[in-house]
Structure formats: structure tokens, C-alpha cells
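Colleague: Would you mind keeping the following structure in view while I ask a few things?
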Amino acid sequence: MDWATLCVIWFALEGVLLTGYAILDGFDLGVGILHPFVARTNDERRVAMNSIGPLWDGNEVWLVTFGGALFAAFPEAYATVFSGFYSAFMLLLFALIFRAVSMEFRSKVATPRWRRFWDWSFFGGSALATLLFGVAVGNAILGIPLDQRGNFTGTLLDQLRPYPLLVGAMTVALFAMHGGLFLYLKTEGAFQERLRDWMWRSWGLFLVGYMLATMYTLALVPRATANFEHWPWAAAVVVVNVLAVANIPRCLHWGRPGQAFVSSCVTIATLTLLFGLALYPNLVTASNDPAASVTIFSAASSPKTLTIMLIIALVGMPFVIAYTAIVYWTFRGKVRLDEHSY
Amino acid sequence: MDAVLLARLQFALTIAFHYIFPPLTIGMGVVMVFLEGRYLATGDRVYEIAARFWTRIFALNFAIGVATGIVMEFQFGTNWAAYSRFVGDVFGSALAAEGIFAFFLESGFLALLVFGWDRISPRMHFFSTCMVALGSVFSSVWIVVANSWQQTPAGHHVVPVLRDGRPLLIDGHPVLRAEIVDFWALILNPSSVHRLVHVWIGAFILGAFFIMSISAYYLLRGRYLEFAKRSFAGALLFATLASLAAVVSGHFQARGVYRYQPAKLAAFEAHYRTGPGDLSLLGLPDDAAETIHFNLAIPGGLSFLVHDDFDEPVIGLDRFRRSDRPPVLLSFASYHIMIGLGMLFIALSVTAAVLHWRRRLYETRWLLWVFVFAVVGPVLANELGWVSAEVGRQPWVVHPPVEWTEQGDLAVGPDGVVEYDESLGLRTADAASPSVDASQVLASIVGFGAIYLALLAVWLYVLDSKIRHGPEPLEPPGGTGRADVLAAAARLQDHSGSLTGADGAR
């Protein structure tokens with residue numbers, strides 16, 4: 001297989017890993033964001049945490065693998081992104097560690113103060129991590145200043161412009177909605193009834209952010225839409241995306257939460273796909289000089305490495321899908337608190 | 001302070017903390033497979049109690065290992081961008097393979113292991129335990145292979161980075177990177193196998209000492225005696241075999257180091273001048289005077305270890321430019337303390353094994369007390385092993401090759417010192433991220449310092465409460481009706497559970 005094809009394949013595979021991560025960790029981050037608002041009693045909060053208890057760890061592995069694969073397939077982009085967004089990544093790490101630890105330690109001591117502390121740190125870690133992912137996507141679309149070697153030359157303020165923050169806020173609302181839909185499927189009774197309102201609210205918030213971000217992108221970020229002029233078929237993705245967003249309230253209204261959750265997954269997948277289409281062939285856009293952009297071709301590893309990794313991915317992926325399926329099957333259905341729960 | 005030094009400190013801090021946990025999970029995983037396998041084979045419930053108890057402790061260690069491990073993966077890019085660009089083509093595939101083959105395996109089956117006791121069959125549960133143990137062993141393979149490639153690179157070539165078919169020039173110099181030529185030569189580079197075996201042995205020793213520590217505590221307190229005796233005896237077997245194996249593996253590894261990184265071995269032994277070498281057991285190296293103060297040494301011992309001959313010369317640090325030498329004091333101290341601890345493990349485990357054979361072990365209270373605290377030793381030994389491996393590689397992050405003449409002497413330049421081919425290696429000083437300044441690194445060190453201290457405190461707290469709580473008594477089998485319900489209710493009351501297994505969770 002020729003090298004350029006391998007580069008495109010790996011760009012697509014990175015997209016698959018990112019989509020998998022966004023859909024899977026999206027709902028457990030969303031549960032973290034939503035839970036202090038929807039869950040009132042201690043048992044309800046435990047139900048919320050246990051709905052993702054056996055799953056979040058595996059979901060985060062998608063991010064780890066995304067990072068590892070970026071390192072291997074596009075080392076130049078890995079180096080540019082991770083060192084350029086240094087402070088953001090450090091905050092992200094702190095947020096993810098705190099989130100993980102909160103779930104583990106909340107149940108260790110039975111005082112209300114201890115639990116309240118970990119509840120809010122679970123919320124804070126989830127919300128901050130989600131916000132940072134959104135900000136990163138916004139910055140990737142806008143571009144950041146790079147030197148000829150691909151090193152970031154701006155300051156932290158260059159990464160906190162209105163557009164990335166808007167995308168960040170939209171992502172928080174999106175994951176909150178996604179998490180709410182997931183939690184609705186895992187709960188029953190009064191708790192589930194309360195979730196219904198929050199699903200509507202987070203959908204509304206997401207819709208506002210979605211429309212603002214779309215208008216901003218169309219009006220002020222020409223680079224984001226340039227590719228769509230070459231590829232008319234990409235309009236189909238936009239249509240699917242809009243239909244998926246619109247289908248969520250329809251399903252909620254007709255009492256089909258499962259379908260609503262699937263629509264939410266499709267929304268996330270198509271948004272990620274649109275992000276990839278807007279970005280191609282860049283991995284990191286240089287805002288100062290288009291020629292300095294890190295593209296999939298300037299960032300890629302040698303054909304040999306890309307081929308070896310493709311073999312590794314083809315061998316490994318069926319296993320990954322099998323374990324994921326076994327775990328989700330074993331822990332299917334409504335959450336029941338038992339002796340192994342948080 | 002200088003950004004490179006801070007980045008090194010941050011790496012040292014985060015890896016040192018992280019590396020408490022993976023060897024524990026690797027070592028404990030093997031023991032859990034053994035215990036649960038015995039339970040399936042014999043149906044003896046003491047084994048089930050033991051397996052359940054150690055699974056909960058395992059999960060606690062695993063959770064912190066994962067949380068701190070994500071940091072390591074990101075850190076290559078955040079702090080060491082220049083390094084990532086240089087090694088990405090060879091290093092990245094190992095890391096990606098680790099993600100696909102090891103992390104998914106571990107995290108998927110861990111959920112079944114911890115939350116699945118009552119949801120899946122005992123056989124499936126045993127299978128999950130095997131898979132988690134296998135996953136933790138796999139994860140060590142890829143990262144050690146990648147690190148070994150930095151020590152003894154092979155299976156690659158260094159070529160200019162191309163842009164649109166032409167070499168990329170920065171300030172008129174071509175930018176270089178390493179690319180794979182032969183995948184298997186890269187994976188099986190000269191130090192991979194020796195180092196991997198040594199890392200596993202270190203992990204087995206730690207896992208075994210960890211289990212013996214907790215079991216010894218129960219034996220001394222007179223609690224859960226049957227459980228504690230079986231756990232202790234099983235772990236003692238692993239500890240004795242592994243401690244003895246460590247010496248053999250260490251010996252072969254040292255010879256490999258001499259062949260491929262002679263400056264590193266010279267720094268380990270503070271062997272300043274080329275010539276017959278003594279084996280220092282204790283001492284304080286002095287770089288300025290190029291000697292070892294308070295030296296207690298076996299004459300000719302180093303020559304014997306390297307060449308099987310007490311008189312043959314060993315290459316010393318004088319064959320290397322000062323700027324090409326590793327820091328001697330730190331290399332020497334970490335290496336020697338590690339070996340000293342290794343000898344201590346042999347002494348302890350052999351003594352305990354002999355007493356066990358004479359059926360006096362569980363009455364020898366002083367030795368049990370020693371074992372309660374001895375677990376600190378393997379933690380330290382594992383850490384110091386890595387300190388010597390990494391500090392001894394300095395000033396390189398990717399070590400360039402050395403040449404040997406036909407006569408078995410080190411090839412040197414006209415000045416009488418080794419002329420490394422700079423283009424084939426990468427100096428640590430050139431490996432950091434150009435776009436990250438010292439204040440950013442300092443801020444994140446402070447952040448990690450605080451978070452890790454808190455994590456350590458909580459880990460010790462939870463571990464302590466778990467040990468106090470002890471293994472779960474199981475309801476008597478075959479009970480019917482009311483008794484069964486009561487037993488189940490009682491169990492529900494005091495049973496703990498979560499990924500780390502909580503106490504008093506309700």
C-alpha cells in the first residue's frame with residue numbers, strides 16, 4: 001500500500017478512536033456533570049456512579065490508545081499538540097485523576113461532608129475535562145501559531161479565544177445530555193422521572209451552543225468549510241447530524257429513550273466526523289502561516305511503521321470489540337446496588 | 001531553574017510514583033491466578049476467600065496505577081516533544097501495541113474481576129483473573145522494549161525528515177529521526193530480554209513480599225490464621241525463587257551493559273581508570289579525585305564479573321569525555337543499594353523457607369515482624385533499579401552505539417576517548433519541548449506533587465482499612481431457608497465493594 005493511502009487510513013483510524021472515546025467516555029463524563037443536579041439522595045448518587053462504575057475505566061482506554069496511536073502514526077503532530085497545549089493537558093490530567101479518585105474514595109467514609117467533597121470533585125473533574133476537550137477541538141479548527149519546526153509559539157491566552165470556549169461550552173452541554181440519556185436507561189422510579197426534565201434542559205442548552213457554534217463557524221472560520229466545497233457528499237453528514245439532533249426531542253416526547261440515546265451517539269459521531277472533514281489534511285493548523293501547518297503527510301511515520309501498526313490494529317481491534325461487548329453485556333440493564341457497588 | 005532539569009525532575013517524580021504500582025499488580029496477578037486456580041481445582045473455600053481478598057487489594061493498586069500511568073503516556077509529548085519527534089516512528093508502535101493489546105485487556109476484564117463475582121460463573125471469573133494478570137504482564141513488555149531500545153537501539157536507521165520529498169532544514173541543518181527497518185530486531189534489541197526478565201523478577205519479589213507483609217501481620221495478630229498461612233507460604237515460594245533468579249538475571253544484564261554501554265557500567269562501579277577492576281561493596285565515589293573513599297572491595301571482582309578473569313582490564317570512565325559520562329555518585333549509589341537489598345531478600349526468604357521446612361516459621365515472631373516491614377525493600381529496589389538504568393544512560397536519552405575492536409578493546413578516537421556518533425543518539429538536553437518554559441513545568445510539578453501526596457495518603461488509608469477489615473467470612477455452604485437469608489444479609493451489611501472495594505459503603 002502506498003504511503004499517502006496509509007496516512008489517510010491512519011487519519012481515519014484516529015478518527016475512529018476519537019469517535020469511540022467521545023461516545024463512550026462522553027456518557028460517563030456526562031453522568032459526572034449531571035449527577036449533583038439530578039441525584040438527590042445518597043442512594044441516587046450511588047446509582048449514578050455505579051451506572052458507569054465498571055465501564056469508565058475501559059472507556060478512558062480509548063483516549064490512551066488515541067494518544068498512543070497519535071504518537072506512533074503522527075509523531076510530529078503528537079509532539080506539537082501535547083507540548084503546545086501543555087497547560088491544558090496538565091489540567092486535563094489533574095481533572096481525569098480527580099474524577100477517577102472521587103469515584104473510588106467517595107464510598108470509603110460515611111460522613112456527609114466527605115461524600116459532598118468527592119461528589120463535587122467528581123463533578124468538577126468531569127466538567128473540566130469535557131470543557132478542555134471542547135476547547136482543544138475549537139483551537140484545532142481555528143489554528144494556533146507554529147514555527148517552521150512545528151513548535152507552538154503563542155501564549156496560553158491564544159488558546160482561550162471566544163470560539164474555542166464556545167465549542168467547549170457546547171461540548172459540556174452535549175456530554176451532559178448524552179450522560180443524562182444513558183442514566184435514564186439505567187434508572188427507574190422517581191429518580192428516572194427527575195432525569196426526564198434534565199434531559200430536556202441539557203438538550204436545550206446543547207441546541208443553543210450548537211446553533212451559536214455553527215453560525216460562528218460559518219461566518220468567521222472560512223478554513224472550516226473550505227473542504228466541503230470540494231466534497232459535495234459531505235453535505236450528507238451534515239444532514240444526518242441535524243436529523244440526529246432533531247430526533248432526540250422527538251424520541252423523548254414519544255417515550256423512546258433507547259432511540260434517543262442512539263441519536264445522541266449519532267450526533268457525537270457525526271460531529272467528530274465533521275471535525276475530521278474540516279481539519280483534513282491538517283492535524284494542527286498553523287494560524288500564522290498555512291505552510292507551517294502540521295499535515296497528516298508532514299507528521300506521519302514511515303510507511304513501514306504505519307504498515308506494522310495497521311497489522312497490530314487489525315489483529316487487536318476484534319479483541320477490543322469482544323471485551324467491550326462482554327463487559328457491556330455483563331453489566332446491561334438497570335443499576336442494582338449490591339455488595340460490590342461503590 | 002532550567003526547563004530541561006525541571007522536566008527531568010517531573011519525569012522522575014511521576015515515574016517513581018507510578019512505578020510503585022505496576023510491579024505490585026504484576027506480582028499479585030500471578031499469585032491471584034494461583035489462588036483462584038487452586039480454588040477451582042480443589043473447591044477449598046479458603047482459597048476463594050483468599051482470592052476475593054487479594055482481588056480487592058489488587059484493584060486498589062490497579063486504580064492508582066492507571067491514574068498515574070495516563071500521565072506517563074502524555075508526558076512524552078508534553079515535556080519531551082523533541083524526543084517524541086525523534087523516536088516516534090520506533091517508539092510509538094510499541095506504545096500503541098501496549099494500548100491495544102494490554103490496556104484494553106486489563107481494563108475490560110478488571111471490571112468483570114471486581115464487579116462480576118456474582119454475575120459470571122466461577123470459570124469465567126477465573127478466566128478474567130488470568131486475562132488481567134496477562135494484561136499487566138503484556139503492558140510491561142512493550143514499555144520495557146521501548147525503553148531498552150533507548151539503551152541499546154537496534155532495527156532502525158537514522159534518516160533526514162522529509163517535507164514534500166526534500167530534507168527538512170532548520171537553520172541549514174537537516175532534521176533527523178529514527179525509523180524502523182526491522183521490527184523484530186527492534187523488539188528483540190540486545191537488552192530487551194534481559195531487562196524484561198529482570199523487571200518481571202523485581203515485580204514478583206515485590207508482589208510476594210507485599211502479600212507476605214499483610215499475611216505476617218495477620219499471623220502475628222492471630223487473625224485469619226489458615227488464610228494467612230496459605231497466602232504466606234505461597235508467596236514465600238515465589239519470593240525465594242525470584243530473589244535467587246534476580247542475581248542470575250542481574251549478572252547477565254550487567255555484562256550486556258558493559259558490551260553496549262560501557263560508560264554506564266563504569267559509573268555503576270565508579271571505575272574511573274581503565275584496568276583490572278575491583279568490585280566495590282561499599283564506598284563513596286569522588287569525581288574530583290576520581291577515587292572511591294571508604295572503599296570496601298573485592299580485588300579483581302569487577303574484572304571477574306565482566307571477563308571471568310580477575311586480572312583482565314575493564315574499560316573505565318577515563319575513556320569517555322567528561323561531558324559524555326553519567327553522574328557517578330547517583331549511578332553508583334542506586335545500583336549498589338539495589339544489589340544490597342537483593343542480597344537481603346535472599347537472606348530473608350531463604351531463612352524463612354528453612355524455618356518453614358522445619359515447621360517453625362509461624363512461631364518465629366521476630367522474623368514475621370521483619371516481614372511486615374520488609375515490603376518497603378522491594379519497592380525501593382524496584383525504584384532504584386530504574387534510577388540506575390535511567391541515570392546510567394545519561395547524558396543520552398537515546399544511547400548511541402559504541403564500537404569494539406577485534407582485540408576486544410573499546411574503539412576510541414585520536415584523543416583516547418570514545419567519539420560517539422551524535423547523529424545516532426539524542427542527548428537529554430536536546431530532547432525537551434522547545435515551546436514549554438520552566439515556569440509551566442514548575443507549576444505542573446507543584447500540582448502533581450500535591451495530587452500525588454494526596455493519592456499516596458488516601459491509598460495508604462484505604463489499604464490500611466482493608467487490611468484491618470480482613471478477608472470476608474463466607475456463609476456456610478449448603479445452608480437453607482432462613483439461615484441462608486440471614487447469612488446473606490449479614491454479608492450485605494459488612495461487605496465492601498467498589499473498584500477498590502469499600503468498607504462501610506452504605
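How things are named: the first chain in the C-alpha cells is A, the next is B, and so on; residues count from 1 in each chain; ligands count from 1 in the order shown.
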Please, which residues of chain A lie no more than 7 Å from chain B when the count uses only C-alpha atoms, and can they be set out as a ChimeraX atom specification?
Modeller: /A:54,57-58,61,64-65,68-69,71-72,75-76,78-80,82-84,86-87,90,93,97,104,107-108,110,151-153,298,301-302,304-305,309,312,316,320,323-324,327,339-342
Colleague: Near Gly134 (chain A), counting only C-alpha atoms, which residues have an atom at most 6 Å away, once you skip same-chain residues fewer than 4 positions from it, shown as a PyMOL selection string?
Modeller: chain A and resi 167-168+171
Colleague: Taking the DSSP secondary structure from the backbone, can you list the residues of region 19-213 of chain B that are strand (DSSP E or B), as number ranges by chain?
Modeller: B: 156-160, 162-163, 166-167, 169-170, 173-174, 176-180
Colleague: Let's see if you can do this: from backbone DSSP, list all alpha helix (DSSP H) residues in region 45-231 of chain B, as a ChimeraX atom specification.
Modeller: /B:45-79,81-97,104-115,122-151,183-187,192-221,225-231
Colleague: How far is it from CA of Tyr280 (chain A) to CA of Arg223 (chain A), in Å with one decimal?
Modeller: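 Computed distance, CA of Tyr280 (chain A) to CA of Arg223 (chain A), equals 10.4 Å.
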Colleague: Need the shell around Ser191 (chain B): protein/DNA/RNA residues with any atom at most 8 Å away, counting only C-alpha atoms. Skip same-chain ones fewer than 4 positions apart. Format as a list in words?
Modeller: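 Returned residues: Ser148, Trp149, Gln151, Thr152, Arg195, Gln253, Gly256 and Val257 of chain B.
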Colleague: Can you build me a table of region 120-237 of chain A residues sitting at most 10 Å from region 19-35 of chain A, with the closest atom pair per residue and its distance in Å to one decimal, using only C-alpha atoms, sorted by chain and residue number, as CSV?
Modeller:
```
residue,atom,partner,partner_atom,distance
A:Trp120,CA,A:Gly32,CA,9.1
A:Ser121,CA,A:Gly32,CA,9.4
A:Phe122,CA,A:Gly32,CA,6.0
A:Phe123,CA,A:Ile33,CA,5.0
A:Gly124,CA,A:Ile33,CA,7.5
A:Gly125,CA,A:Gly32,CA,8.1
A:Ser126,CA,A:Leu29,CA,5.0
A:Ala127,CA,A:Ile33,CA,5.5
A:Leu128,CA,A:Ile33,CA,9.2
A:Ala129,CA,A:Leu29,CA,8.0
A:Thr130,CA,A:Leu29,CA,7.0
A:Phe133,CA,A:Ala22,CA,9.4
A:Thr171,CA,A:Gly26,CA,9.2
A:Val172,CA,A:Gly30,CA,7.7
A:Ala173,CA,A:Gly30,CA,8.4
A:Leu174,CA,A:Gly30,CA,8.0
A:Phe175,CA,A:Gly30,CA,4.5
A:Ala176,CA,A:Gly30,CA,4.0
A:Met177,CA,A:Gly30,CA,6.8
A:His178,CA,A:Phe27,CA,5.3
A:Gly179,CA,A:Gly30,CA,4.0
A:Gly180,CA,A:Val31,CA,6.3
A:Leu181,CA,A:Phe27,CA,8.2
A:Phe182,CA,A:Phe27,CA,6.4
A:Leu183,CA,A:Val31,CA,6.9
A:Leu195,CA,A:Leu34,CA,9.3
A:Trp198,CA,A:Leu34,CA,8.2
A:Met199,CA,A:Leu34,CA,9.6
A:Ser202,CA,A:Leu34,CA,9.1
```
Colleague: Nearest to Asp147 (chain A) among A:Ala291, A:Ala300, A:Ile321, A:Val315, with distances taken over only C-alpha atoms: which residue is it?
Modeller: A:Ala291
Colleague: List as a list in words the protein and nucleic acid residues near Leu157 (chain A), meaning an atom at most 12 Å away when only C-alpha atoms are counted, but skip any in the same chain fewer than 6 places from it.
Modeller: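 Residues near the query, excluding close chain neighbours: Phe85, Ser87, Ala88, Asn139, Ile144, Pro145, Pro164 and Leu165 of chain A.
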Colleague: So, with only C-alpha atoms as the atoms that count, which of B:Ile57, B:Val137, B:Leu236, B:Ile337 lies closest to Gly283 (chain B)?
Modeller: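 Using only C-alpha atoms, the shortest distance to Gly283 (chain B) belongs to B:Ile337.
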Colleague: Which residues come within 12 Å of Pro122 (chain B), counting only C-alpha atoms, excluding same-chain residues fewer than 4 positions away, as a PyMOL selection string?
Modeller: chain B and resi 36-37+39-41+43+48+51-52+112-113+116-118+126-129
Colleague: For the residues selected in the previous step, produce a file with C-alpha atoms as an mmCIF file, in the first residue's frame.
Modeller:
```
data_model
loop_
_atom_site.group_PDB
_atom_site.id
_atom_site.type_symbol
_atom_site.label_atom_id
_atom_site.label_comp_id
_atom_site.auth_asym_id
_atom_site.auth_seq_id
_atom_site.Cartn_x
_atom_site.Cartn_y
_atom_site.Cartn_z
ATOM 1 C CA GLU B 36 -8.189 -18.920 42.271
ATOM 2 C CA GLY B 37 -6.891 -21.835 40.207
ATOM 3 C CA TYR B 39 -9.955 -22.956 44.443
ATOM 4 C CA LEU B 40 -11.386 -24.202 41.159
ATOM 5 C CA ALA B 41 -9.279 -27.351 41.325
ATOM 6 C CA GLY B 43 -13.091 -26.458 45.862
ATOM 7 C CA GLU B 48 -11.771 -18.489 47.460
ATOM 8 C CA ALA B 51 -8.672 -14.822 46.044
ATOM 9 C CA ARG B 52 -11.505 -12.430 46.854
ATOM 10 C CA LEU B 112 -15.551 -8.477 35.481
ATOM 11 C CA LEU B 113 -12.986 -9.367 38.122
ATOM 12 C CA GLY B 116 -18.545 -9.722 38.439
ATOM 13 C CA TRP B 117 -18.225 -12.200 41.352
ATOM 14 C CA ASP B 118 -21.972 -12.820 41.369
ATOM 15 C CA PHE B 126 -11.034 -17.338 36.776
ATOM 16 C CA PHE B 127 -10.589 -16.622 33.079
ATOM 17 C CA SER B 128 -10.943 -12.898 33.821
ATOM 18 C CA THR B 129 -8.287 -13.145 36.518
#
```
Colleague: With a distance cut-off of 12 Å and only C-alpha atoms, select the neighbouring residues of Trp54 (chain B), excluding the residue or stretch itself and same-chain residues fewer than 2 positions from it, and output the selection as a PDB file with N, CA and C atoms, in the first residue's frame.
Modeller:
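Written out: out.pdb:
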```pdb
ATOM      1  N   LEU B  24       3.553  -4.170  41.616  1.00  0.00           N
ATOM      2  CA  LEU B  24       2.638  -4.783  42.586  1.00  0.00           C
ATOM      3  C   LEU B  24       1.541  -5.562  41.864  1.00  0.00           C
ATOM      4  N   THR B  25       0.959  -4.942  40.834  1.00  0.00           N
ATOM      5  CA  THR B  25      -0.139  -5.633  40.152  1.00  0.00           C
ATOM      6  C   THR B  25       0.378  -6.828  39.356  1.00  0.00           C
ATOM      7  N   GLY B  27       3.012  -8.663  40.093  1.00  0.00           N
ATOM      8  CA  GLY B  27       3.355  -9.702  41.060  1.00  0.00           C
ATOM      9  C   GLY B  27       2.118 -10.319  41.697  1.00  0.00           C
ATOM     10  N   MET B  28       1.159  -9.478  42.086  1.00  0.00           N
ATOM     11  CA  MET B  28      -0.038 -10.006  42.746  1.00  0.00           C
ATOM     12  C   MET B  28      -0.911 -10.786  41.767  1.00  0.00           C
ATOM     13  N   GLY B  29      -0.912 -10.351  40.498  1.00  0.00           N
ATOM     14  CA  GLY B  29      -1.741 -11.019  39.491  1.00  0.00           C
ATOM     15  C   GLY B  29      -1.406 -12.500  39.412  1.00  0.00           C
ATOM     16  N   VAL B  30      -0.116 -12.796  39.411  1.00  0.00           N
ATOM     17  CA  VAL B  30       0.307 -14.193  39.307  1.00  0.00           C
ATOM     18  C   VAL B  30      -0.173 -14.984  40.521  1.00  0.00           C
ATOM     19  N   VAL B  31      -0.052 -14.378  41.693  1.00  0.00           N
ATOM     20  CA  VAL B  31      -0.466 -15.069  42.915  1.00  0.00           C
ATOM     21  C   VAL B  31      -1.984 -15.295  42.916  1.00  0.00           C
ATOM     22  N   MET B  32      -2.739 -14.308  42.402  1.00  0.00           N
ATOM     23  CA  MET B  32      -4.197 -14.467  42.360  1.00  0.00           C
ATOM     24  C   MET B  32      -4.626 -15.581  41.415  1.00  0.00           C
ATOM     25  N   VAL B  33      -3.943 -15.660  40.281  1.00  0.00           N
ATOM     26  CA  VAL B  33      -4.232 -16.757  39.352  1.00  0.00           C
ATOM     27  C   VAL B  33      -4.009 -18.091  40.065  1.00  0.00           C
ATOM     28  N   PHE B  34      -2.902 -18.181  40.796  1.00  0.00           N
ATOM     29  CA  PHE B  34      -2.584 -19.396  41.540  1.00  0.00           C
ATOM     30  C   PHE B  34      -3.679 -19.720  42.553  1.00  0.00           C
ATOM     31  N   LEU B  35      -4.088 -18.719  43.357  1.00  0.00           N
ATOM     32  CA  LEU B  35      -5.072 -18.974  44.419  1.00  0.00           C
ATOM     33  C   LEU B  35      -6.433 -19.369  43.843  1.00  0.00           C
ATOM     34  N   GLU B  36      -6.869 -18.624  42.819  1.00  0.00           N
ATOM     35  CA  GLU B  36      -8.189 -18.920  42.271  1.00  0.00           C
ATOM     36  C   GLU B  36      -8.169 -20.248  41.514  1.00  0.00           C
ATOM     37  N   TYR B  47      -9.243 -20.900  49.734  1.00  0.00           N
ATOM     38  CA  TYR B  47      -8.641 -20.295  48.553  1.00  0.00           C
ATOM     39  C   TYR B  47      -9.545 -19.235  47.955  1.00  0.00           C
ATOM     40  N   GLU B  48     -10.854 -19.482  48.012  1.00  0.00           N
ATOM     41  CA  GLU B  48     -11.771 -18.489  47.460  1.00  0.00           C
ATOM     42  C   GLU B  48     -11.723 -17.211  48.291  1.00  0.00           C
ATOM     43  N   ILE B  49     -11.722 -17.393  49.618  1.00  0.00           N
ATOM     44  CA  ILE B  49     -11.628 -16.222  50.486  1.00  0.00           C
ATOM     45  C   ILE B  49     -10.367 -15.435  50.158  1.00  0.00           C
ATOM     46  N   ALA B  50      -9.275 -16.167  50.013  1.00  0.00           N
ATOM     47  CA  ALA B  50      -8.003 -15.501  49.730  1.00  0.00           C
ATOM     48  C   ALA B  50      -8.067 -14.777  48.386  1.00  0.00           C
ATOM     49  N   ALA B  51      -8.613 -15.440  47.370  1.00  0.00           N
ATOM     50  CA  ALA B  51      -8.672 -14.822  46.044  1.00  0.00           C
ATOM     51  C   ALA B  51      -9.510 -13.551  46.081  1.00  0.00           C
ATOM     52  N   ARG B  52     -10.647 -13.612  46.780  1.00  0.00           N
ATOM     53  CA  ARG B  52     -11.505 -12.430  46.854  1.00  0.00           C
ATOM     54  C   ARG B  52     -10.801 -11.281  47.567  1.00  0.00           C
ATOM     55  N   ARG B  56      -9.460  -7.532  45.837  1.00  0.00           N
ATOM     56  CA  ARG B  56      -9.840  -6.168  46.227  1.00  0.00           C
ATOM     57  C   ARG B  56      -8.608  -5.287  46.424  1.00  0.00           C
ATOM     58  N   ILE B  57      -7.583  -5.857  47.042  1.00  0.00           N
ATOM     59  CA  ILE B  57      -6.342  -5.093  47.231  1.00  0.00           C
ATOM     60  C   ILE B  57      -5.707  -4.806  45.868  1.00  0.00           C
ATOM     61  N   PHE B  58      -5.745  -5.808  45.009  1.00  0.00           N
ATOM     62  CA  PHE B  58      -5.190  -5.663  43.660  1.00  0.00           C
ATOM     63  C   PHE B  58      -5.863  -4.503  42.934  1.00  0.00           C
ATOM     64  N   ALA B  59      -7.208  -4.455  43.032  1.00  0.00           N
ATOM     65  CA  ALA B  59      -7.956  -3.435  42.302  1.00  0.00           C
ATOM     66  C   ALA B  59      -7.599  -2.039  42.799  1.00  0.00           C
ATOM     67  N   LEU B  60      -7.375  -1.932  44.097  1.00  0.00           N
ATOM     68  CA  LEU B  60      -6.967  -0.632  44.652  1.00  0.00           C
ATOM     69  C   LEU B  60      -5.641  -0.200  44.032  1.00  0.00           C
ATOM     70  N   ASN B  61      -4.673  -1.115  44.017  1.00  0.00           N
ATOM     71  CA  ASN B  61      -3.366  -0.793  43.442  1.00  0.00           C
ATOM     72  C   ASN B  61      -3.489  -0.483  41.959  1.00  0.00           C
ATOM     73  N   PHE B  62      -4.347  -1.257  41.292  1.00  0.00           N
ATOM     74  CA  PHE B  62      -4.513  -1.089  39.857  1.00  0.00           C
ATOM     75  C   PHE B  62      -5.075   0.292  39.533  1.00  0.00           C
ATOM     76  N   LEU B 113     -13.669  -8.827  36.954  1.00  0.00           N
ATOM     77  CA  LEU B 113     -12.986  -9.367  38.122  1.00  0.00           C
ATOM     78  C   LEU B 113     -13.559  -8.772  39.410  1.00  0.00           C
ATOM     79  N   VAL B 114     -13.767  -7.457  39.399  1.00  0.00           N
ATOM     80  CA  VAL B 114     -14.148  -6.765  40.622  1.00  0.00           C
ATOM     81  C   VAL B 114     -15.652  -6.777  40.836  1.00  0.00           C
ATOM     82  N   THR B 129      -9.495 -13.343  35.724  1.00  0.00           N
ATOM     83  CA  THR B 129      -8.287 -13.145  36.518  1.00  0.00           C
ATOM     84  C   THR B 129      -7.044 -13.411  35.679  1.00  0.00           C
ATOM     85  N   GLY B 207       5.489  -8.306  44.623  1.00  0.00           N
ATOM     86  CA  GLY B 207       4.161  -8.859  44.843  1.00  0.00           C
ATOM     87  C   GLY B 207       4.181  -9.854  45.995  1.00  0.00           C
ATOM     88  N   ALA B 208       5.203 -10.716  46.012  1.00  0.00           N
ATOM     89  CA  ALA B 208       5.294 -11.741  47.049  1.00  0.00           C
ATOM     90  C   ALA B 208       5.538 -11.110  48.422  1.00  0.00           C
ATOM     91  N   PHE B 210       4.740  -8.165  49.356  1.00  0.00           N
ATOM     92  CA  PHE B 210       3.541  -7.423  49.737  1.00  0.00           C
ATOM     93  C   PHE B 210       2.539  -8.371  50.405  1.00  0.00           C
ATOM     94  N   ILE B 211       2.347  -9.527  49.777  1.00  0.00           N
ATOM     95  CA  ILE B 211       1.405 -10.499  50.333  1.00  0.00           C
ATOM     96  C   ILE B 211       1.929 -11.067  51.654  1.00  0.00           C
ATOM     97  N   MET B 212       3.240 -11.302  51.705  1.00  0.00           N
ATOM     98  CA  MET B 212       3.807 -11.833  52.957  1.00  0.00           C
ATOM     99  C   MET B 212       3.689 -10.811  54.082  1.00  0.00           C
ATOM    100  N   ILE B 214       1.332  -8.522  54.620  1.00  0.00           N
ATOM    101  CA  ILE B 214      -0.017  -8.490  55.189  1.00  0.00           C
ATOM    102  C   ILE B 214      -0.318  -9.806  55.918  1.00  0.00           C
ATOM    103  N   SER B 215       0.120 -10.931  55.314  1.00  0.00           N
ATOM    104  CA  SER B 215      -0.130 -12.223  55.964  1.00  0.00           C
ATOM    105  C   SER B 215       0.610 -12.324  57.295  1.00  0.00           C
ATOM    106  N   PHE B 227      -6.028 -18.719  56.358  1.00  0.00           N
ATOM    107  CA  PHE B 227      -5.872 -17.879  55.177  1.00  0.00           C
ATOM    108  C   PHE B 227      -4.457 -17.305  55.104  1.00  0.00           C
ATOM    109  N   ALA B 228      -3.993 -16.762  56.227  1.00  0.00           N
ATOM    110  CA  ALA B 228      -2.697 -16.088  56.243  1.00  0.00           C
ATOM    111  C   ALA B 228      -1.563 -17.075  55.990  1.00  0.00           C
ATOM    112  N   SER B 231      -1.511 -17.993  52.260  1.00  0.00           N
ATOM    113  CA  SER B 231      -1.031 -16.887  51.453  1.00  0.00           C
ATOM    114  C   SER B 231       0.476 -16.708  51.639  1.00  0.00           C
ATOM    115  N   LEU B 463      -5.825   1.176  52.087  1.00  0.00           N
ATOM    116  CA  LEU B 463      -5.140  -0.107  52.227  1.00  0.00           C
ATOM    117  C   LEU B 463      -5.202  -0.561  53.685  1.00  0.00           C
ATOM    118  N   LYS B 466      -8.625  -1.711  54.666  1.00  0.00           N
ATOM    119  CA  LYS B 466      -8.891  -3.019  54.081  1.00  0.00           C
ATOM    120  C   LYS B 466      -8.193  -4.129  54.847  1.00  0.00           C
ATOM    121  N   ILE B 467      -6.960  -3.848  55.258  1.00  0.00           N
ATOM    122  CA  ILE B 467      -6.208  -4.876  55.974  1.00  0.00           C
ATOM    123  C   ILE B 467      -6.843  -5.112  57.335  1.00  0.00           C
ATOM    124  N   GLY B 470      -9.913  -7.149  56.836  1.00  0.00           N
ATOM    125  CA  GLY B 470      -9.577  -8.547  56.615  1.00  0.00           C
ATOM    126  C   GLY B 470     -10.419  -9.207  55.548  1.00  0.00           C
ATOM    127  N   PRO B 471     -10.117 -10.470  55.276  1.00  0.00           N
ATOM    128  CA  PRO B 471     -10.891 -11.208  54.277  1.00  0.00           C
ATOM    129  C   PRO B 471     -12.312 -11.456  54.769  1.00  0.00           C
ATOM    130  N   GLU B 472     -13.205 -11.626  53.809  1.00  0.00           N
ATOM    131  CA  GLU B 472     -14.612 -11.840  54.146  1.00  0.00           C
ATOM    132  C   GLU B 472     -14.840 -13.248  54.635  1.00  0.00           C
ATOM    133  N   THR B 500     -12.176  -0.487  44.106  1.00  0.00           N
ATOM    134  CA  THR B 500     -11.166  -0.753  45.119  1.00  0.00           C
ATOM    135  C   THR B 500     -11.778  -1.457  46.318  1.00  0.00           C
ATOM    136  N   GLY B 501     -13.088  -1.645  46.301  1.00  0.00           N
ATOM    137  CA  GLY B 501     -13.718  -2.353  47.398  1.00  0.00           C
ATOM    138  C   GLY B 501     -13.818  -1.489  48.633  1.00  0.00           C
TER     139      GLY B 501
END
```
